[in-house]
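Engineer: Below you will find the structure I want to go over with you.
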Amino acid sequence: MTALTIISDCCYQDHDTGGDDHPENSKRLRIIDEALVMQDNFSSYSFVRPRVAERECLLAAHSESWLFRFEEAVLSGKNYIDHPDNQICFDSYDVAMLSAGAGLTAIDLLENDEAGNVFCLVRPPGHHAEAKIPFGFCFFNNCVVAARYWQQKYHKKRVLIFDFDAHHGNGIQSAFEEEANGLYISIHEHPSFSYPGTGYMDETGIGKGKGTILNVPLLPGAGDEKVKEKLEKIVLPQITKFQPDAIIVAAGFDGHKADFMSGLQYSTEMYQTFGETVKSWADTFTGGKILSILEGGYELSVLGESVTAYVDGLLGS
Ligand SMILES: [Zn+2]
């Protein structure tokens, strides 16, 4: 088994958000590819192409009315859905199905012991997408689609989704906040200052889902030391109590101090720490198995080095 399996596809470039003026553009994955190629251990990675997410897998996370509305919007030549943030082109529906399918391909590899450490380099991203509406560049919630598949096909009872994107993953929270199973932990810039305006500390779950959501908002300007303190004092105890049997990481890189999409001040090295941290959780709880799915990260001058720092952390190199 190779140390790292990367799931990606050149078709992800086909989701055209209207050119380079849109922060979520196809240059993001190209920059990441170029940075990975330069890594010393690049030749030891495995590369796998994703499958298209089956309709029933999408319907485990989204309403049928949203699927129809999304498909109709691209076929009718619309440029965006609901808000100009959510730019689309003719191919966007197909590419979004391929983005959601990467996690499914990954989970089959993990469950069949054909991979241990899988990173899905996909776009469009997913963690803002709600069951019935797109949000913040996201159309299908790739992490929720993956979690549902892990729960339903492989009967995982305690799926942890850890989200270190600079923004709160409102779509992941709303998918799980009323359920007793699962744990969603998000470290993000405080919602009073940041998109999408959710993710306050007192949002901890609803009804029987009480206690299954842990939001760790950080004030603008927070850097590595603050995050490390929160990981150790708040996040690790919660994970230890939860004892996950599957781990999904919503890996967003827009908390970097150079990234214009947040006021967080992470260094590149912080992403290595994130990689080391989630790998240590995987070694403790899931036999080393871990699924990471790309979310945000928009400043192209640091995106490549941030992703490779995360990979170095995952691999302990
Ligand atoms: Zn983000």
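Going by the structure tokens order, chains are called A, B, ..., each with residues numbered from 1, while ligands are numbered from 1 in the order shown.
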Grab me every residue within 8 Å of ligand 1, counting only C-alpha atoms and all ligand atoms, and send it over as JSON, numbers by chain.
Structural biologist: {"A": [165, 166, 167, 168, 252, 253, 254, 255, 261, 262, 295, 296, 297]}
Engineer: Which of stretch 94-185 of chain A end up as helix (DSSP H, G or I) when DSSP is run on this backbone - answer as a ChimeraX atom specification?
Structural biologist: /A:94-111,142-154,170-176
Engineer: Stretch 98-169 of chain A near stretch 228-250 of chain A within 6 Å: what's each residue's closest atom pair and its distance in Å to one decimal, counting only C-alpha atoms, ordered by chain then ascending residue number, as a tab-separated table?
Structural biologist:
residue	atom	partner	partner_atom	distance
A:Arg158	CA	A:Pro244	CA	4.9
A:Val159	CA	A:Ala246	CA	4.8
A:Leu160	CA	A:Ile247	CA	4.9
A:Ile161	CA	A:Ile248	CA	4.7
A:Phe162	CA	A:Val249	CA	4.8
A:Asp163	CA	A:Ala250	CA	4.4
Engineer: Keeping all heavy atoms for every residue in the selection just given, could you write it to a file as a PDB file, in the first residue's frame?
Structural biologist:
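That gives us again-v8.pdb:
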ATOM      1  N   ARG A 158     -19.575   6.029  13.879  1.00  0.00           N
ATOM      2  CA  ARG A 158     -19.023   7.248  14.497  1.00  0.00           C
ATOM      3  C   ARG A 158     -18.067   7.932  13.514  1.00  0.00           C
ATOM      4  O   ARG A 158     -16.853   7.776  13.591  1.00  0.00           O
ATOM      5  CB  ARG A 158     -18.303   6.882  15.800  1.00  0.00           C
ATOM      6  CG  ARG A 158     -19.251   6.271  16.847  1.00  0.00           C
ATOM      7  CD  ARG A 158     -18.559   5.966  18.159  1.00  0.00           C
ATOM      8  NE  ARG A 158     -17.337   5.189  17.977  1.00  0.00           N
ATOM      9  CZ  ARG A 158     -17.293   3.879  17.777  1.00  0.00           C
ATOM     10  NH1 ARG A 158     -18.406   3.179  17.745  1.00  0.00           N
ATOM     11  NH2 ARG A 158     -16.144   3.266  17.614  1.00  0.00           N
ATOM     12  N   VAL A 159     -18.665   8.658  12.583  1.00  0.00           N
ATOM     13  CA  VAL A 159     -17.876   9.369  11.569  1.00  0.00           C
ATOM     14  C   VAL A 159     -17.526  10.765  12.097  1.00  0.00           C
ATOM     15  O   VAL A 159     -18.418  11.533  12.474  1.00  0.00           O
ATOM     16  CB  VAL A 159     -18.641   9.482  10.236  1.00  0.00           C
ATOM     17  CG1 VAL A 159     -17.812  10.260   9.211  1.00  0.00           C
ATOM     18  CG2 VAL A 159     -18.998   8.101   9.698  1.00  0.00           C
ATOM     19  N   LEU A 160     -16.243  11.051  12.130  1.00  0.00           N
ATOM     20  CA  LEU A 160     -15.763  12.391  12.495  1.00  0.00           C
ATOM     21  C   LEU A 160     -15.486  13.179  11.214  1.00  0.00           C
ATOM     22  O   LEU A 160     -14.800  12.677  10.320  1.00  0.00           O
ATOM     23  CB  LEU A 160     -14.461  12.277  13.305  1.00  0.00           C
ATOM     24  CG  LEU A 160     -13.631  13.567  13.442  1.00  0.00           C
ATOM     25  CD1 LEU A 160     -14.349  14.594  14.309  1.00  0.00           C
ATOM     26  CD2 LEU A 160     -12.239  13.260  14.009  1.00  0.00           C
ATOM     27  N   ILE A 161     -16.016  14.386  11.127  1.00  0.00           N
ATOM     28  CA  ILE A 161     -15.596  15.306  10.065  1.00  0.00           C
ATOM     29  C   ILE A 161     -14.891  16.474  10.744  1.00  0.00           C
ATOM     30  O   ILE A 161     -15.500  17.184  11.556  1.00  0.00           O
ATOM     31  CB  ILE A 161     -16.774  15.811   9.218  1.00  0.00           C
ATOM     32  CG1 ILE A 161     -17.534  14.641   8.607  1.00  0.00           C
ATOM     33  CG2 ILE A 161     -16.261  16.749   8.114  1.00  0.00           C
ATOM     34  CD1 ILE A 161     -18.735  15.044   7.753  1.00  0.00           C
ATOM     35  N   PHE A 162     -13.627  16.621  10.441  1.00  0.00           N
ATOM     36  CA  PHE A 162     -12.834  17.719  10.995  1.00  0.00           C
ATOM     37  C   PHE A 162     -12.560  18.718   9.878  1.00  0.00           C
ATOM     38  O   PHE A 162     -12.043  18.351   8.824  1.00  0.00           O
ATOM     39  CB  PHE A 162     -11.518  17.187  11.575  1.00  0.00           C
ATOM     40  CG  PHE A 162     -10.587  18.286  12.038  1.00  0.00           C
ATOM     41  CD1 PHE A 162     -10.927  19.098  13.104  1.00  0.00           C
ATOM     42  CD2 PHE A 162      -9.375  18.515  11.385  1.00  0.00           C
ATOM     43  CE1 PHE A 162     -10.082  20.114  13.526  1.00  0.00           C
ATOM     44  CE2 PHE A 162      -8.524  19.532  11.805  1.00  0.00           C
ATOM     45  CZ  PHE A 162      -8.884  20.337  12.876  1.00  0.00           C
ATOM     46  N   ASP A 163     -12.888  19.983  10.127  1.00  0.00           N
ATOM     47  CA  ASP A 163     -12.871  21.005   9.072  1.00  0.00           C
ATOM     48  C   ASP A 163     -11.939  22.138   9.506  1.00  0.00           C
ATOM     49  O   ASP A 163     -12.244  22.860  10.459  1.00  0.00           O
ATOM     50  CB  ASP A 163     -14.320  21.511   8.908  1.00  0.00           C
ATOM     51  CG  ASP A 163     -14.509  22.470   7.744  1.00  0.00           C
ATOM     52  OD1 ASP A 163     -13.514  23.076   7.315  1.00  0.00           O
ATOM     53  OD2 ASP A 163     -15.659  22.624   7.299  1.00  0.00           O
TER      54      ASP A 163
END
Engineer: Enumerate as a list in words all residues of stretch 2-62 of chain A assigned to strand (DSSP E) by DSSP on the backbone, naming them with the chain letters and numbers the document uses.
Structural biologist: Thr5, Ile6, Ile7, Ser46, Phe47 and Val48 of chain A
Engineer: Residues of the last selection are to be written out with all heavy atoms, as an mmCIF file, in the first residue's frame.
Structural biologist:
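Generated output (out_24.cif):
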data_model
loop_
_atom_site.group_PDB
_atom_site.id
_atom_site.type_symbol
_atom_site.label_atom_id
_atom_site.label_comp_id
_atom_site.auth_asym_id
_atom_site.auth_seq_id
_atom_site.Cartn_x
_atom_site.Cartn_y
_atom_site.Cartn_z
ATOM 1 N N THR A 5 -2.528 8.155 -1.430
ATOM 2 C CA THR A 5 -3.292 7.994 -2.669
ATOM 3 C C THR A 5 -3.999 9.314 -2.957
ATOM 4 O O THR A 5 -4.706 9.846 -2.092
ATOM 5 C CB THR A 5 -4.332 6.861 -2.524
ATOM 6 O OG1 THR A 5 -3.638 5.644 -2.227
ATOM 7 C CG2 THR A 5 -5.148 6.695 -3.795
ATOM 8 N N ILE A 6 -3.775 9.818 -4.152
ATOM 9 C CA ILE A 6 -4.413 11.075 -4.555
ATOM 10 C C ILE A 6 -5.499 10.762 -5.580
ATOM 11 O O ILE A 6 -5.254 10.043 -6.563
ATOM 12 C CB ILE A 6 -3.378 12.054 -5.140
ATOM 13 C CG1 ILE A 6 -2.442 12.523 -4.016
ATOM 14 C CG2 ILE A 6 -4.064 13.241 -5.809
ATOM 15 C CD1 ILE A 6 -1.302 13.381 -4.467
ATOM 16 N N ILE A 7 -6.691 11.271 -5.323
ATOM 17 C CA ILE A 7 -7.787 11.093 -6.280
ATOM 18 C C ILE A 7 -8.075 12.452 -6.907
ATOM 19 O O ILE A 7 -8.387 13.419 -6.205
ATOM 20 C CB ILE A 7 -9.041 10.527 -5.587
ATOM 21 C CG1 ILE A 7 -8.698 9.164 -4.958
ATOM 22 C CG2 ILE A 7 -10.184 10.408 -6.578
ATOM 23 C CD1 ILE A 7 -9.866 8.446 -4.343
ATOM 24 N N SER A 46 0.223 7.138 -5.180
ATOM 25 C CA SER A 46 -0.667 6.491 -6.157
ATOM 26 C C SER A 46 -1.687 7.517 -6.635
ATOM 27 O O SER A 46 -2.120 8.367 -5.848
ATOM 28 C CB SER A 46 -1.453 5.351 -5.509
ATOM 29 O OG SER A 46 -0.611 4.349 -5.096
ATOM 30 N N PHE A 47 -2.055 7.409 -7.881
ATOM 31 C CA PHE A 47 -3.060 8.329 -8.434
ATOM 32 C C PHE A 47 -4.235 7.516 -8.968
ATOM 33 O O PHE A 47 -4.052 6.566 -9.725
ATOM 34 C CB PHE A 47 -2.452 9.186 -9.547
ATOM 35 C CG PHE A 47 -1.431 10.141 -9.008
ATOM 36 C CD1 PHE A 47 -0.110 9.741 -8.840
ATOM 37 C CD2 PHE A 47 -1.803 11.412 -8.610
ATOM 38 C CE1 PHE A 47 0.831 10.601 -8.300
ATOM 39 C CE2 PHE A 47 -0.869 12.278 -8.066
ATOM 40 C CZ PHE A 47 0.449 11.871 -7.913
ATOM 41 N N VAL A 48 -5.408 7.897 -8.549
ATOM 42 C CA VAL A 48 -6.621 7.175 -8.929
ATOM 43 C C VAL A 48 -7.632 8.197 -9.445
ATOM 44 O O VAL A 48 -7.751 9.300 -8.890
ATOM 45 C CB VAL A 48 -7.207 6.420 -7.708
ATOM 46 C CG1 VAL A 48 -8.530 5.750 -8.060
ATOM 47 C CG2 VAL A 48 -6.202 5.391 -7.180
#
Engineer: Find the residues near A:Val216: any atom within 8 Å, counting only C-alpha atoms, skip ones fewer than 4 places away on the same chain, and give them as a ChimeraX atom specification.
Structural biologist: /A:185-188,199-201,230
Engineer: Store the residues picked out above in a file with all heavy atoms, as a PDB file, in the first residue's frame.
Structural biologist:
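Contents of result-v9.pdb, as written:
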ATOM      1  N   ILE A 185     -16.443  18.866  13.751  1.00  0.00           N
ATOM      2  CA  ILE A 185     -15.606  19.844  14.447  1.00  0.00           C
ATOM      3  C   ILE A 185     -15.065  20.815  13.413  1.00  0.00           C
ATOM      4  O   ILE A 185     -14.463  20.403  12.419  1.00  0.00           O
ATOM      5  CB  ILE A 185     -14.428  19.164  15.176  1.00  0.00           C
ATOM      6  CG1 ILE A 185     -14.949  18.171  16.229  1.00  0.00           C
ATOM      7  CG2 ILE A 185     -13.526  20.219  15.830  1.00  0.00           C
ATOM      8  CD1 ILE A 185     -13.855  17.429  16.975  1.00  0.00           C
ATOM      9  N   SER A 186     -15.285  22.093  13.657  1.00  0.00           N
ATOM     10  CA  SER A 186     -14.790  23.109  12.724  1.00  0.00           C
ATOM     11  C   SER A 186     -14.016  24.183  13.476  1.00  0.00           C
ATOM     12  O   SER A 186     -14.497  24.723  14.473  1.00  0.00           O
ATOM     13  CB  SER A 186     -15.966  23.755  11.979  1.00  0.00           C
ATOM     14  OG  SER A 186     -15.499  24.780  11.115  1.00  0.00           O
ATOM     15  N   ILE A 187     -12.809  24.464  12.985  1.00  0.00           N
ATOM     16  CA  ILE A 187     -12.022  25.604  13.473  1.00  0.00           C
ATOM     17  C   ILE A 187     -12.038  26.637  12.354  1.00  0.00           C
ATOM     18  O   ILE A 187     -11.630  26.341  11.226  1.00  0.00           O
ATOM     19  CB  ILE A 187     -10.571  25.196  13.789  1.00  0.00           C
ATOM     20  CG1 ILE A 187     -10.540  24.166  14.919  1.00  0.00           C
ATOM     21  CG2 ILE A 187      -9.727  26.414  14.151  1.00  0.00           C
ATOM     22  CD1 ILE A 187      -9.146  23.782  15.367  1.00  0.00           C
ATOM     23  N   HIS A 188     -12.525  27.851  12.647  1.00  0.00           N
ATOM     24  CA  HIS A 188     -12.728  28.828  11.575  1.00  0.00           C
ATOM     25  C   HIS A 188     -12.703  30.244  12.131  1.00  0.00           C
ATOM     26  O   HIS A 188     -12.777  30.448  13.347  1.00  0.00           O
ATOM     27  CB  HIS A 188     -14.087  28.565  10.907  1.00  0.00           C
ATOM     28  CG  HIS A 188     -15.201  28.414  11.902  1.00  0.00           C
ATOM     29  ND1 HIS A 188     -15.637  27.181  12.349  1.00  0.00           N
ATOM     30  CD2 HIS A 188     -15.942  29.329  12.570  1.00  0.00           C
ATOM     31  CE1 HIS A 188     -16.585  27.349  13.243  1.00  0.00           C
ATOM     32  NE2 HIS A 188     -16.797  28.646  13.400  1.00  0.00           N
ATOM     33  N   GLY A 199     -21.549  29.118  12.862  1.00  0.00           N
ATOM     34  CA  GLY A 199     -20.387  28.499  13.494  1.00  0.00           C
ATOM     35  C   GLY A 199     -20.021  29.124  14.826  1.00  0.00           C
ATOM     36  O   GLY A 199     -18.862  29.105  15.229  1.00  0.00           O
ATOM     37  N   TYR A 200     -21.040  29.677  15.504  1.00  0.00           N
ATOM     38  CA  TYR A 200     -20.798  30.183  16.864  1.00  0.00           C
ATOM     39  C   TYR A 200     -20.576  28.994  17.805  1.00  0.00           C
ATOM     40  O   TYR A 200     -21.066  27.881  17.557  1.00  0.00           O
ATOM     41  CB  TYR A 200     -21.991  31.024  17.337  1.00  0.00           C
ATOM     42  CG  TYR A 200     -22.063  32.385  16.674  1.00  0.00           C
ATOM     43  CD1 TYR A 200     -22.737  32.560  15.468  1.00  0.00           C
ATOM     44  CD2 TYR A 200     -21.447  33.487  17.247  1.00  0.00           C
ATOM     45  CE1 TYR A 200     -22.797  33.801  14.854  1.00  0.00           C
ATOM     46  CE2 TYR A 200     -21.501  34.742  16.639  1.00  0.00           C
ATOM     47  CZ  TYR A 200     -22.179  34.889  15.444  1.00  0.00           C
ATOM     48  OH  TYR A 200     -22.232  36.124  14.839  1.00  0.00           O
ATOM     49  N   MET A 201     -19.883  29.286  18.894  1.00  0.00           N
ATOM     50  CA  MET A 201     -19.535  28.225  19.834  1.00  0.00           C
ATOM     51  C   MET A 201     -20.766  27.574  20.448  1.00  0.00           C
ATOM     52  O   MET A 201     -20.741  26.402  20.796  1.00  0.00           O
ATOM     53  CB  MET A 201     -18.635  28.804  20.925  1.00  0.00           C
ATOM     54  CG  MET A 201     -17.718  27.774  21.559  1.00  0.00           C
ATOM     55  SD  MET A 201     -16.773  28.484  22.895  1.00  0.00           S
ATOM     56  CE  MET A 201     -15.686  29.556  22.031  1.00  0.00           C
ATOM     57  N   LYS A 230      -6.048  25.356  20.852  1.00  0.00           N
ATOM     58  CA  LYS A 230      -7.431  24.859  20.738  1.00  0.00           C
ATOM     59  C   LYS A 230      -7.447  23.371  20.382  1.00  0.00           C
ATOM     60  O   LYS A 230      -8.285  22.614  20.879  1.00  0.00           O
ATOM     61  CB  LYS A 230      -8.200  25.640  19.663  1.00  0.00           C
ATOM     62  CG  LYS A 230      -8.307  27.140  19.924  1.00  0.00           C
ATOM     63  CD  LYS A 230      -9.292  27.455  21.012  1.00  0.00           C
ATOM     64  CE  LYS A 230      -9.522  28.963  21.118  1.00  0.00           C
ATOM     65  NZ  LYS A 230     -10.311  29.310  22.325  1.00  0.00           N
TER      66      LYS A 230
END
Engineer: Report, in Å to a single decimal, how far apart atom CA of A:Asp94 and atom CA of A:Ser26 are.
Structural biologist: 15.3 Å
Engineer: For atom CA of A:Thr284 and atom CA of A:Phe164, determine how far apart the two atoms are, in Å to one decimal place.
Structural biologist: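 Result for atom CA of A:Thr284 versus atom CA of A:Phe164: 19.7 Å, one decimal.
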Engineer: Within 12 Å of A:Ala309, counting only C-alpha atoms, which residues qualify if same-chain residues fewer than 2 places away don't, as a list in words?
Structural biologist: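 Counting only the stated atoms, we get Ile32, Ala35, Leu36, Gln39, Phe253, His256, Ser267, Thr268, Glu269, Met270, Tyr271, Gln272, Thr273, Phe274, Gly275, Glu276, Val302, Leu303, Gly304, Glu305, Ser306, Val307, Val311, Asp312, Gly313, Leu314, Leu315, Gly316 and Ser317 of chain A.
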Engineer: Given the choices A:His15, A:Arg49, A:Arg28, A:Lys226, which gets closest to A:Thr105 if the distance is worked out from only C-alpha atoms?
Structural biologist: A:Arg49
Engineer: For A:Phe140, list every protein, DNA or RNA residue within 9 Å, evaluated using only C-alpha atoms, and leave out those in the same chain fewer than 3 positions away; present the list as a PyMOL selection string.
Structural biologist: chain A and resi 58+61-62+96-97+99-100+124-131+133-134+143-145
Engineer: Taking into account only C-alpha atoms, which residue in the set A:Thr212, A:Ser192, A:Asn41, A:Asn117 is nearest to A:Ala282?
Structural biologist: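 Looking at the shortest contact to A:Ala282, the residue is A:Asn117.
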Engineer: Write out as a VMD selection string which residues come within 10 Å of stretch 75-83 of chain A when counting only C-alpha atoms, dropping same-chain ones fewer than 6 positions away.
Structural biologist: chain A and resid 16 to 18 69 89 to 93 133 to 137 139
Engineer: Those residues you just picked out, can you put them in a file as an mmCIF file, in the first residue's frame with C-alpha atoms?
Structural biologist:
data_model
loop_
_atom_site.group_PDB
_atom_site.id
_atom_site.type_symbol
_atom_site.label_atom_id
_atom_site.label_comp_id
_atom_site.auth_asym_id
_atom_site.auth_seq_id
_atom_site.Cartn_x
_atom_site.Cartn_y
_atom_site.Cartn_z
ATOM 1 C CA ASP A 16 -15.590 27.250 -15.545
ATOM 2 C CA THR A 17 -16.464 29.928 -12.998
ATOM 3 C CA GLY A 18 -16.030 32.766 -15.464
ATOM 4 C CA ARG A 69 -32.710 22.705 -10.448
ATOM 5 C CA CYS A 89 -21.037 26.599 -16.944
ATOM 6 C CA PHE A 90 -22.512 23.888 -19.144
ATOM 7 C CA ASP A 91 -20.218 21.236 -17.601
ATOM 8 C CA SER A 92 -20.634 22.215 -13.936
ATOM 9 C CA TYR A 93 -23.259 19.611 -13.041
ATOM 10 C CA ILE A 133 -29.293 25.114 -2.068
ATOM 11 C CA PRO A 134 -25.806 25.992 -3.301
ATOM 12 C CA PHE A 135 -23.699 28.312 -1.211
ATOM 13 C CA GLY A 136 -20.249 29.889 -1.363
ATOM 14 C CA PHE A 137 -18.897 28.254 -4.562
ATOM 15 C CA PHE A 139 -22.986 22.781 -5.138
#
